[in-house]
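The structure under discussion appears below in the form of structure tokens.
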Amino acid sequence: MKNFLKGLVALLLIVGVAQAWNLRQRNEGTSSWERTIPPAQTLQEIDVGEHYLTVAMSDFTVFATAQVIVPITYAEIIRVQGIVNQNNAGAFAGGDAYFTFWISQAGAGGYTADLTQLTSGTTGIRFRPSTRGVVQTFTSTATQQRVMQGAVFAIQSDGGPTDGAGGAAAFTITVRPRRQ
């Protein structure tokens, strides 16, 4: 029985080591937890200090803007994900809804009205009636993603659907700390 228990403990240790999380420090000063998942040896990575900002838009079928304030001192936007709320967008039809993203950096005196557009036209997220319930993702480029604490991140709908049925959407903005 002792040998069985020793073998079981050894097996659990080996399995635990194969999926252990390791802390990795990057050259630019940020960190991530990473592990290798067998059998395909897939690398899974989670950034240390990642924050998730959520924005709800009550009706994206009209021209509308929703905003959120970035709480991290120095940050970079990794991605924006959006999904149509299934409960009250059942009648969403007509044209596609396109979303553009904007950033207003916090100035020396606080919020400034200067908005920098991260996307244009059809480069952001697009909701279609046929893709309702599917998460849509936008990944920003390195030159567009840096933000500071107090920056305002805005999501703007073009009001593309022509049916006016109304529809709610939810967005998650992933931001992580960065070096200054």
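Order determines the names: the first chain of the structure tokens is A, the second B, and so forth; residues in each chain are numbered 1 upward, and ligands are numbered 1 upward as they are shown.
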
Counting only C-alpha atoms, what is within 7 Å of Val62 (chain A), bar same-chain residues fewer than 3 positions away, as a VMD selection string? chain A and resid 59 158 to 159

With only C-alpha atoms as the counted atoms, please give the residues lying no more than 12 Å from region 100-104 of chain A, apart from itself and same-chain residues fewer than 5 positions off, as a PyMOL selection string. chain A and resi 60+63-70+76-77+79-82+110-127+138-140+144-159+171+173

From the options A:Gly160, A:Gln105, A:Ala20, A:Ser31, which residue's atoms come nearest to Ile46 (chain A), counting only C-alpha atoms?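 Of A:Gly160, A:Gln105, A:Ala20, A:Ser31, the one nearest Ile46 (chain A) is A:Ser31, counting only C-alpha atoms.
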
Within 9 Å of Ala170 (chain A), counting only C-alpha atoms, which residues show up once you throw out same-chain ones fewer than 4 positions away? Write them as a compact mmCIF listing (two decimals) with N, CA and C atoms, in the first residue's frame, please.
```
# COMPACT_ATOMS: atom_id res chain seq x y z
N THR A 54 -15.64 47.07 -18.70
CA THR A 54 -16.87 46.68 -19.41
C THR A 54 -17.70 47.92 -19.71
N VAL A 55 -18.32 47.87 -20.87
CA VAL A 55 -19.18 48.96 -21.33
C VAL A 55 -20.47 48.34 -21.86
N ALA A 56 -21.59 48.89 -21.45
CA ALA A 56 -22.88 48.45 -21.97
C ALA A 56 -23.47 49.56 -22.83
N MET A 57 -24.01 49.16 -23.96
CA MET A 57 -24.67 50.11 -24.85
C MET A 57 -26.13 49.66 -24.95
N SER A 58 -27.05 50.54 -24.56
CA SER A 58 -28.45 50.14 -24.49
C SER A 58 -29.12 49.99 -25.85
N GLN A 81 -13.69 43.34 -27.17
CA GLN A 81 -14.62 42.28 -27.58
C GLN A 81 -16.04 42.78 -27.35
N GLY A 82 -16.93 42.43 -28.25
CA GLY A 82 -18.32 42.86 -28.14
C GLY A 82 -19.27 41.74 -28.52
N ILE A 83 -20.46 41.81 -27.93
CA ILE A 83 -21.49 40.82 -28.24
C ILE A 83 -22.86 41.48 -28.12
N VAL A 84 -23.77 41.08 -28.99
CA VAL A 84 -25.14 41.57 -28.95
C VAL A 84 -25.88 40.82 -27.86
N ASN A 85 -26.62 41.55 -27.03
CA ASN A 85 -27.42 40.93 -25.98
C ASN A 85 -28.56 40.15 -26.63
```

Residues at most 6 Å from Arg176 (chain A), counting only C-alpha atoms, excluding those fewer than 6 positions away in the same chain, as a ChimeraX atom specification? /A:49-51,75-76

Distance in Å - CA of Pro71 (chain A) versus CA of Pro177 (chain A):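 One can read the CA of Pro71 (chain A) to CA of Pro177 (chain A) distance as 10.3 Å.
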
May I ask for the distance between CA of Arg35 (chain A) and CA of Asn22 (chain A), given in Å to one decimal place?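 Value for the CA of Arg35 (chain A)-CA of Asn22 (chain A) distance: 6.2 Å.
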
CA of Ala40 (chain A) to CA of Trp21 (chain A), distance in Å rounded to a single decimal: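 One can read the CA of Ala40 (chain A) to CA of Trp21 (chain A) distance as 16.6 Å.
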
Distance query Pro161 (chain A) at most 6 Å, only C-alpha atoms, self and fewer than 4 positions along chain excluded, as a list of chain:residue names: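 In the requested format, the answer is A:Thr61, A:Gly94, A:Gly95, A:Asp96, A:Ala97.
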